[in-house]
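> Sharing query.cif (mmCIF, N, CA and C atoms) below.
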data_query
#
loop_
_atom_site.group_PDB
_atom_site.id
_atom_site.type_symbol
_atom_site.label_atom_id
_atom_site.label_comp_id
_atom_site.auth_asym_id
_atom_site.auth_seq_id
_atom_site.Cartn_x
_atom_site.Cartn_y
_atom_site.Cartn_z
ATOM 1 N N MET A 1 0.848 -1.179 0.000
ATOM 2 C CA MET A 1 0.000 0.000 0.000
ATOM 3 C C MET A 1 0.891 1.239 0.000
ATOM 4 N N ASN A 2 0.438 2.263 -0.641
ATOM 5 C CA ASN A 2 1.191 3.496 -0.739
ATOM 6 C C ASN A 2 1.361 4.117 0.652
ATOM 7 N N THR A 3 2.538 4.561 0.971
ATOM 8 C CA THR A 3 2.826 5.117 2.286
ATOM 9 C C THR A 3 2.013 6.374 2.554
ATOM 10 N N LYS A 4 1.869 7.224 1.558
ATOM 11 C CA LYS A 4 1.102 8.457 1.750
ATOM 12 C C LYS A 4 -0.373 8.167 2.000
ATOM 13 N N THR A 5 -0.906 7.191 1.325
ATOM 14 C CA THR A 5 -2.306 6.803 1.532
ATOM 15 C C THR A 5 -2.502 6.238 2.925
ATOM 16 N N LEU A 6 -1.579 5.403 3.362
ATOM 17 C CA LEU A 6 -1.651 4.825 4.695
ATOM 18 C C LEU A 6 -1.546 5.907 5.769
ATOM 19 N N LEU A 7 -0.642 6.852 5.588
ATOM 20 C CA LEU A 7 -0.490 7.941 6.542
ATOM 21 C C LEU A 7 -1.742 8.811 6.579
ATOM 22 N N ALA A 8 -2.305 9.118 5.422
ATOM 23 C CA ALA A 8 -3.518 9.938 5.371
ATOM 24 C C ALA A 8 -4.685 9.223 6.038
ATOM 25 N N ALA A 9 -4.841 7.933 5.778
ATOM 26 C CA ALA A 9 -5.921 7.166 6.395
ATOM 27 C C ALA A 9 -5.748 7.103 7.911
ATOM 28 N N SER A 10 -4.520 6.959 8.372
ATOM 29 C CA SER A 10 -4.257 6.928 9.808
ATOM 30 C C SER A 10 -4.601 8.260 10.462
ATOM 31 N N LEU A 11 -4.207 9.353 9.836
ATOM 32 C CA LEU A 11 -4.525 10.665 10.392
ATOM 33 C C LEU A 11 -6.026 10.916 10.419
ATOM 34 N N ILE A 12 -6.715 10.522 9.358
ATOM 35 C CA ILE A 12 -8.166 10.688 9.342
ATOM 36 C C ILE A 12 -8.811 9.863 10.449
ATOM 37 N N ALA A 13 -8.341 8.646 10.649
ATOM 38 C CA ALA A 13 -8.886 7.793 11.707
ATOM 39 C C ALA A 13 -8.658 8.410 13.081
ATOM 40 N N VAL A 14 -7.478 8.969 13.309
ATOM 41 C CA VAL A 14 -7.185 9.602 14.600
ATOM 42 C C VAL A 14 -8.100 10.793 14.835
ATOM 43 N N PHE A 15 -8.304 11.623 13.820
ATOM 44 C CA PHE A 15 -9.162 12.789 13.989
ATOM 45 C C PHE A 15 -10.627 12.402 14.170
ATOM 46 N N VAL A 16 -11.073 11.376 13.459
ATOM 47 C CA VAL A 16 -12.467 10.939 13.604
ATOM 48 C C VAL A 16 -12.699 10.360 14.994
ATOM 49 N N ILE A 17 -11.774 9.539 15.460
ATOM 50 C CA ILE A 17 -11.904 8.976 16.806
ATOM 51 C C ILE A 17 -11.876 10.091 17.846
ATOM 52 N N GLY A 18 -11.005 11.069 17.660
ATOM 53 C CA GLY A 18 -10.948 12.192 18.594
ATOM 54 C C GLY A 18 -12.200 13.041 18.589
ATOM 55 N N THR A 19 -12.871 13.093 17.450
ATOM 56 C CA THR A 19 -14.102 13.876 17.357
ATOM 57 C C THR A 19 -15.263 13.178 18.052
ATOM 58 N N TYR A 20 -15.387 11.880 17.838
ATOM 59 C CA TYR A 20 -16.535 11.153 18.375
ATOM 60 C C TYR A 20 -16.303 10.547 19.752
ATOM 61 N N ALA A 21 -15.086 10.471 20.224
ATOM 62 C CA ALA A 21 -14.791 9.840 21.513
ATOM 63 C C ALA A 21 -15.472 10.536 22.689
ATOM 64 N N PRO A 22 -15.508 11.880 22.782
ATOM 65 C CA PRO A 22 -16.176 12.485 23.934
ATOM 66 C C PRO A 22 -17.664 12.138 24.033
ATOM 67 N N ALA A 23 -18.318 11.841 22.923
ATOM 68 C CA ALA A 23 -19.730 11.480 22.951
ATOM 69 C C ALA A 23 -19.933 10.055 23.463
ATOM 70 N N LEU A 24 -18.881 9.233 23.431
ATOM 71 C CA LEU A 24 -18.997 7.845 23.848
ATOM 72 C C LEU A 24 -18.580 7.611 25.291
ATOM 73 N N VAL A 25 -18.118 8.641 25.973
ATOM 74 C CA VAL A 25 -17.628 8.490 27.340
ATOM 75 C C VAL A 25 -18.811 8.335 28.280
ATOM 76 N N ALA A 26 -18.721 7.389 29.185
ATOM 77 C CA ALA A 26 -19.765 7.188 30.181
ATOM 78 C C ALA A 26 -19.360 7.920 31.454
ATOM 79 N N TYR A 27 -20.047 8.973 31.767
ATOM 80 C CA TYR A 27 -19.763 9.735 32.978
ATOM 81 C C TYR A 27 -20.452 9.071 34.159
ATOM 82 N N ALA A 28 -19.777 8.989 35.275
ATOM 83 C CA ALA A 28 -20.285 8.246 36.411
ATOM 84 C C ALA A 28 -20.728 9.150 37.561
ATOM 85 N N GLN A 29 -21.158 10.337 37.288
ATOM 86 C CA GLN A 29 -21.640 11.200 38.347
ATOM 87 C C GLN A 29 -22.984 10.707 38.840
ATOM 88 N N TYR A 30 -23.191 10.836 40.125
ATOM 89 C CA TYR A 30 -24.476 10.478 40.710
ATOM 90 C C TYR A 30 -25.449 11.617 40.464
ATOM 91 N N MET A 31 -26.601 11.304 39.923
ATOM 92 C CA MET A 31 -27.535 12.334 39.491
ATOM 93 C C MET A 31 -28.642 12.613 40.503
ATOM 94 N N GLY A 32 -28.486 12.231 41.727
ATOM 95 C CA GLY A 32 -29.501 12.521 42.731
ATOM 96 C C GLY A 32 -30.188 11.268 43.219
ATOM 97 N N ASN A 33 -31.106 11.443 44.133
ATOM 98 C CA ASN A 33 -31.860 10.332 44.692
ATOM 99 C C ASN A 33 -32.842 9.827 43.643
ATOM 100 N N VAL A 34 -32.852 8.543 43.416
ATOM 101 C CA VAL A 34 -33.708 7.978 42.388
ATOM 102 C C VAL A 34 -35.058 7.654 42.993
ATOM 103 N N GLY A 35 -36.109 8.118 42.333
ATOM 104 C CA GLY A 35 -37.459 7.842 42.794
ATOM 105 C C GLY A 35 -37.939 6.478 42.333
ATOM 106 N N SER A 36 -39.180 6.137 42.678
ATOM 107 C CA SER A 36 -39.733 4.823 42.342
ATOM 108 C C SER A 36 -39.940 4.661 40.835
ATOM 109 N N LYS A 37 -40.108 5.759 40.102
ATOM 110 C CA LYS A 37 -40.336 5.699 38.663
ATOM 111 C C LYS A 37 -39.044 5.927 37.869
ATOM 112 N N GLY A 38 -37.897 5.997 38.547
ATOM 113 C CA GLY A 38 -36.637 6.164 37.871
ATOM 114 C C GLY A 38 -36.196 7.604 37.717
ATOM 115 N N GLU A 39 -36.994 8.548 38.161
ATOM 116 C CA GLU A 39 -36.621 9.948 38.032
ATOM 117 C C GLU A 39 -35.586 10.310 39.102
ATOM 118 N N THR A 40 -34.791 11.298 38.813
ATOM 119 C CA THR A 40 -33.791 11.739 39.774
ATOM 120 C C THR A 40 -34.338 12.902 40.577
ATOM 121 N N GLY A 41 -33.940 12.951 41.806
ATOM 122 C CA GLY A 41 -34.418 14.000 42.692
ATOM 123 C C GLY A 41 -33.285 14.898 43.122
ATOM 124 N N SER A 42 -33.450 15.510 44.261
ATOM 125 C CA SER A 42 -32.421 16.428 44.757
ATOM 126 C C SER A 42 -31.335 15.641 45.480
ATOM 127 N N TYR A 43 -30.142 16.081 45.325
ATOM 128 C CA TYR A 43 -28.994 15.474 45.982
ATOM 129 C C TYR A 43 -28.129 16.623 46.442
ATOM 130 N N THR A 44 -28.269 16.983 47.689
ATOM 131 C CA THR A 44 -27.600 18.178 48.187
ATOM 132 C C THR A 44 -26.167 17.859 48.590
ATOM 133 N N LEU A 45 -25.396 18.895 48.770
ATOM 134 C CA LEU A 45 -24.004 18.745 49.186
ATOM 135 C C LEU A 45 -23.922 18.114 50.570
ATOM 136 N N GLU A 46 -24.825 18.480 51.436
ATOM 137 C CA GLU A 46 -24.818 17.930 52.794
ATOM 138 C C GLU A 46 -25.080 16.425 52.771
ATOM 139 N N GLU A 47 -26.015 15.994 51.906
ATOM 140 C CA GLU A 47 -26.280 14.565 51.785
ATOM 141 C C GLU A 47 -25.057 13.833 51.238
ATOM 142 N N ALA A 48 -24.421 14.408 50.262
ATOM 143 C CA ALA A 48 -23.228 13.788 49.685
ATOM 144 C C ALA A 48 -22.113 13.669 50.709
ATOM 145 N N LEU A 49 -21.896 14.711 51.484
ATOM 146 C CA LEU A 49 -20.842 14.670 52.511
ATOM 147 C C LEU A 49 -21.160 13.648 53.589
ATOM 148 N N GLU A 50 -22.431 13.532 53.973
ATOM 149 C CA GLU A 50 -22.819 12.558 54.988
ATOM 150 C C GLU A 50 -22.617 11.132 54.484
ATOM 151 N N ILE A 51 -22.989 10.881 53.233
ATOM 152 C CA ILE A 51 -22.805 9.541 52.666
ATOM 153 C C ILE A 51 -21.321 9.194 52.580
ATOM 154 N N GLN A 52 -20.503 10.135 52.145
ATOM 155 C CA GLN A 52 -19.059 9.881 52.050
ATOM 156 C C GLN A 52 -18.442 9.665 53.429
ATOM 157 N N LYS A 53 -18.920 10.387 54.416
ATOM 158 C CA LYS A 53 -18.413 10.205 55.780
ATOM 159 C C LYS A 53 -18.761 8.809 56.287
ATOM 160 N N ARG A 54 -19.969 8.353 56.011
ATOM 161 C CA ARG A 54 -20.364 7.001 56.419
ATOM 162 C C ARG A 54 -19.513 5.945 55.722
ATOM 163 N N ARG A 55 -19.198 6.162 54.450
ATOM 164 C CA ARG A 55 -18.368 5.201 53.720
ATOM 165 C C ARG A 55 -16.971 5.115 54.316
ATOM 166 N N VAL A 56 -16.397 6.259 54.643
ATOM 167 C CA VAL A 56 -15.056 6.272 55.234
ATOM 168 C C VAL A 56 -15.073 5.608 56.602
ATOM 169 N N ASP A 57 -16.095 5.909 57.417
ATOM 170 C CA ASP A 57 -16.200 5.294 58.737
ATOM 171 C C ASP A 57 -16.360 3.781 58.634
ATOM 172 N N ALA A 58 -17.164 3.309 57.676
ATOM 173 C CA ALA A 58 -17.360 1.867 57.499
ATOM 174 C C ALA A 58 -16.063 1.196 57.051
ATOM 175 N N ALA A 59 -15.299 1.846 56.186
ATOM 176 C CA ALA A 59 -14.025 1.270 55.736
ATOM 177 C C ALA A 59 -13.007 1.220 56.862
ATOM 178 N N LYS A 60 -13.004 2.246 57.723
ATOM 179 C CA LYS A 60 -12.080 2.239 58.865
ATOM 180 C C LYS A 60 -12.472 1.190 59.895
ATOM 181 N N ALA A 61 -13.779 0.965 60.081
ATOM 182 C CA ALA A 61 -14.244 -0.007 61.067
ATOM 183 C C ALA A 61 -13.960 -1.437 60.624
ATOM 184 N N ASN A 62 -13.950 -1.696 59.332
ATOM 185 C CA ASN A 62 -13.718 -3.034 58.819
ATOM 186 C C ASN A 62 -12.677 -2.966 57.708
ATOM 187 N N PRO A 63 -11.387 -2.934 58.053
ATOM 188 C CA PRO A 63 -10.351 -2.738 57.033
ATOM 189 C C PRO A 63 -10.159 -3.930 56.093
ATOM 190 N N ALA A 64 -10.723 -5.089 56.412
ATOM 191 C CA ALA A 64 -10.513 -6.263 55.568
ATOM 192 C C ALA A 64 -11.420 -6.289 54.349
ATOM 193 N N SER A 65 -12.400 -5.420 54.300
ATOM 194 C CA SER A 65 -13.297 -5.422 53.152
ATOM 195 C C SER A 65 -13.673 -3.994 52.800
ATOM 196 N N GLY A 66 -14.329 -3.843 51.698
ATOM 197 C CA GLY A 66 -14.782 -2.520 51.300
ATOM 198 C C GLY A 66 -14.155 -2.084 50.000
ATOM 199 N N SER A 67 -14.706 -1.061 49.433
ATOM 200 C CA SER A 67 -14.230 -0.556 48.160
ATOM 201 C C SER A 67 -12.853 0.061 48.337
ATOM 202 N N GLY A 68 -11.958 -0.226 47.433
ATOM 203 C CA GLY A 68 -10.633 0.350 47.466
ATOM 204 C C GLY A 68 -9.617 -0.471 48.236
ATOM 205 N N THR A 69 -10.025 -1.580 48.825
ATOM 206 C CA THR A 69 -9.090 -2.427 49.548
ATOM 207 C C THR A 69 -8.230 -3.182 48.547
ATOM 208 N N PRO A 70 -6.911 -3.073 48.617
ATOM 209 C CA PRO A 70 -6.072 -3.769 47.647
ATOM 210 C C PRO A 70 -6.151 -5.285 47.833
ATOM 211 N N TYR A 71 -6.102 -6.010 46.720
ATOM 212 C CA TYR A 71 -6.150 -7.467 46.794
ATOM 213 C C TYR A 71 -4.916 -8.017 47.483
ATOM 214 N N LEU A 72 -3.771 -7.471 47.158
ATOM 215 C CA LEU A 72 -2.531 -7.875 47.799
ATOM 216 C C LEU A 72 -1.994 -6.660 48.550
ATOM 217 N N ASP A 73 -2.195 -6.664 49.852
ATOM 218 C CA ASP A 73 -1.793 -5.506 50.644
ATOM 219 C C ASP A 73 -0.280 -5.460 50.719
ATOM 220 N N ALA A 74 0.314 -4.699 49.860
ATOM 221 C CA ALA A 74 1.765 -4.659 49.770
ATOM 222 C C ALA A 74 2.308 -3.278 50.101
ATOM 223 N N GLY A 75 1.545 -2.460 50.755
ATOM 224 C CA GLY A 75 2.053 -1.179 51.214
ATOM 225 C C GLY A 75 2.046 -0.075 50.180
ATOM 226 N N GLY A 76 1.172 -0.124 49.231
ATOM 227 C CA GLY A 76 1.027 1.007 48.322
ATOM 228 C C GLY A 76 1.740 0.831 46.998
ATOM 229 N N VAL A 77 2.294 1.921 46.519
ATOM 230 C CA VAL A 77 2.844 1.963 45.170
ATOM 231 C C VAL A 77 4.073 1.070 45.033
ATOM 232 N N VAL A 78 4.933 1.079 46.006
ATOM 233 C CA VAL A 78 6.154 0.269 45.918
ATOM 234 C C VAL A 78 5.802 -1.212 45.890
ATOM 235 N N GLY A 79 4.892 -1.625 46.748
ATOM 236 C CA GLY A 79 4.477 -3.023 46.767
ATOM 237 C C GLY A 79 3.818 -3.438 45.473
ATOM 238 N N ALA A 80 2.957 -2.560 44.936
ATOM 239 C CA ALA A 80 2.303 -2.862 43.666
ATOM 240 C C ALA A 80 3.324 -2.957 42.542
ATOM 241 N N ALA A 81 4.339 -2.118 42.560
ATOM 242 C CA ALA A 81 5.376 -2.172 41.533
ATOM 243 C C ALA A 81 6.169 -3.476 41.631
ATOM 244 N N VAL A 82 6.460 -3.928 42.852
ATOM 245 C CA VAL A 82 7.203 -5.180 43.035
ATOM 246 C C VAL A 82 6.379 -6.358 42.544
ATOM 247 N N ILE A 83 5.087 -6.354 42.892
ATOM 248 C CA ILE A 83 4.224 -7.444 42.456
ATOM 249 C C ILE A 83 4.107 -7.463 40.931
ATOM 250 N N SER A 84 3.928 -6.290 40.324
ATOM 251 C CA SER A 84 3.826 -6.215 38.866
ATOM 252 C C SER A 84 5.111 -6.682 38.202
ATOM 253 N N ALA A 85 6.241 -6.267 38.748
ATOM 254 C CA ALA A 85 7.525 -6.689 38.182
ATOM 255 C C ALA A 85 7.695 -8.198 38.283
ATOM 256 N N ALA A 86 7.258 -8.790 39.394
ATOM 257 C CA ALA A 86 7.379 -10.237 39.549
ATOM 258 C C ALA A 86 6.500 -10.972 38.543
ATOM 259 N N VAL A 87 5.267 -10.491 38.364
ATOM 260 C CA VAL A 87 4.350 -11.164 37.438
ATOM 261 C C VAL A 87 4.841 -11.042 36.005
ATOM 262 N N PHE A 88 5.107 -9.807 35.561
ATOM 263 C CA PHE A 88 5.536 -9.617 34.182
ATOM 264 C C PHE A 88 6.936 -10.162 33.936
ATOM 265 N N GLY A 89 7.799 -10.126 34.936
ATOM 266 C CA GLY A 89 9.127 -10.725 34.801
ATOM 267 C C GLY A 89 9.047 -12.228 34.646
ATOM 268 N N GLY A 90 8.125 -12.854 35.374
ATOM 269 C CA GLY A 90 7.933 -14.296 35.234
ATOM 270 C C GLY A 90 7.449 -14.674 33.848
ATOM 271 N N ILE A 91 6.506 -13.876 33.340
ATOM 272 C CA ILE A 91 6.004 -14.139 31.986
ATOM 273 C C ILE A 91 7.119 -13.944 30.954
ATOM 274 N N ALA A 92 7.885 -12.871 31.092
ATOM 275 C CA ALA A 92 8.982 -12.617 30.157
ATOM 276 C C ALA A 92 10.035 -13.723 30.246
ATOM 277 N N GLY A 93 10.344 -14.178 31.454
ATOM 278 C CA GLY A 93 11.303 -15.262 31.624
ATOM 279 C C GLY A 93 10.848 -16.541 30.956
ATOM 280 N N ALA A 94 9.534 -16.815 31.060
ATOM 281 C CA ALA A 94 9.007 -18.017 30.399
ATOM 282 C C ALA A 94 9.150 -17.899 28.887
ATOM 283 N N PHE A 95 8.881 -16.719 28.339
ATOM 284 C CA PHE A 95 9.047 -16.534 26.899
ATOM 285 C C PHE A 95 10.507 -16.664 26.478
ATOM 286 N N PHE A 96 11.427 -16.130 27.278
ATOM 287 C CA PHE A 96 12.849 -16.232 26.936
ATOM 288 C C PHE A 96 13.316 -17.683 26.964
ATOM 289 N N ILE A 97 12.877 -18.429 27.955
ATOM 290 C CA ILE A 97 13.282 -19.831 28.053
ATOM 291 C C ILE A 97 12.704 -20.629 26.879
ATOM 292 N N ARG A 98 11.414 -20.387 26.563
ATOM 293 C CA ARG A 98 10.800 -21.083 25.432
ATOM 294 C C ARG A 98 11.434 -20.673 24.102
ATOM 295 N N GLY A 99 11.893 -19.440 24.009
ATOM 296 C CA GLY A 99 12.469 -18.955 22.763
ATOM 297 C C GLY A 99 13.839 -19.528 22.458
ATOM 298 N N ARG A 100 14.496 -20.085 23.450
ATOM 299 C CA ARG A 100 15.832 -20.657 23.222
ATOM 300 C C ARG A 100 15.767 -22.029 22.587
ATOM 301 N N SER A 101 14.609 -22.643 22.583
ATOM 302 C CA SER A 101 14.484 -23.956 21.973
ATOM 303 C C SER A 101 13.308 -23.943 20.997
ATOM 304 N N GLY A 102 13.263 -24.928 20.161
ATOM 305 C CA GLY A 102 12.181 -25.014 19.188
ATOM 306 C C GLY A 102 12.710 -25.036 17.778
ATOM 307 N N LYS A 103 11.824 -25.191 16.821
ATOM 308 C CA LYS A 103 12.276 -25.367 15.451
ATOM 309 C C LYS A 103 12.792 -24.075 14.812
ATOM 310 N N TYR A 104 12.490 -22.909 15.387
ATOM 311 C CA TYR A 104 12.969 -21.656 14.827
ATOM 312 C C TYR A 104 14.192 -21.101 15.540
ATOM 313 N N ALA A 105 14.698 -21.800 16.542
ATOM 314 C CA ALA A 105 15.895 -21.353 17.246
ATOM 315 C C ALA A 105 17.115 -21.491 16.330
ATOM 316 N N ALA A 106 18.053 -20.557 16.445
ATOM 317 C CA ALA A 106 19.249 -20.591 15.603
ATOM 318 C C ALA A 106 20.152 -21.736 16.037
ATOM 319 N N MET A 107 20.683 -22.418 15.086
ATOM 320 C CA MET A 107 21.569 -23.540 15.378
ATOM 321 C C MET A 107 22.851 -23.051 16.015
ATOM 322 N N GLY A 108 23.311 -23.787 17.020
ATOM 323 C CA GLY A 108 24.572 -23.490 17.651
ATOM 324 C C GLY A 108 24.476 -22.422 18.736
ATOM 325 N N ARG A 109 23.261 -21.958 19.083
ATOM 326 C CA ARG A 109 23.132 -20.935 20.132
ATOM 327 C C ARG A 109 22.434 -21.471 21.372
ATOM 328 N N GLY A 110 22.359 -22.732 21.585
ATOM 329 C CA GLY A 110 21.699 -23.158 22.811
ATOM 330 C C GLY A 110 21.171 -24.521 22.816
#
Spell out the structure here as structure tokens.

Amino acid sequence: MNTKTLLAASLIAVFVIGTYAPALVAYAQYMGNVGSKGETGSYTLEEALEIQKRRVDAAKANPASGSGTPYLDAGGVVGAAVISAAVFGGIAGAFFIRGRSGKYAAMGRG
């Protein structure tokens, strides 16, 4: 395929996706108290603060469960980085070991 045609098609695709992407985003704001018929009602700042305070208190009272509890409590960012490095390093190591043998391996290198 012609390089200029491919580049033009890629640029058009990027601009089209950029144009329509904001319309496809699902916003997760809470729209108020839902009534029995599905309509939204008033949701005041005081109600929001009270609900958030209750959520924080419930999470502090029961640290073993709740939203935001890490699956592997490894102490934050450093622990998560170590766990990620171990997982992806293991996968990469398996690929390297498998790549040294097989019908496409270069002769005389392993």
> Report, in Å with one decimal, the straight-line distance from atom N of Asn62 in chain A to CA of Leu49 in chain A.
19.0 Å
> Is it possible to get the axis-aligned box enclosing range 2-8 of chain A (all listed atoms, 6 Å extra per side) as lines of an AutoDock Vina configuration file, with centre and edge lengths in Å rounded to one decimal?

center_x = -0.9
center_y = 6.1
center_z = 2.9
size_x = 19.5
size_y = 19.7
size_z = 19.3
> Give me, please, the distance in Å between CA of Arg55 in chain A and atom C of Ala80 in chain A, quoted to one decimal.
25.7 Å
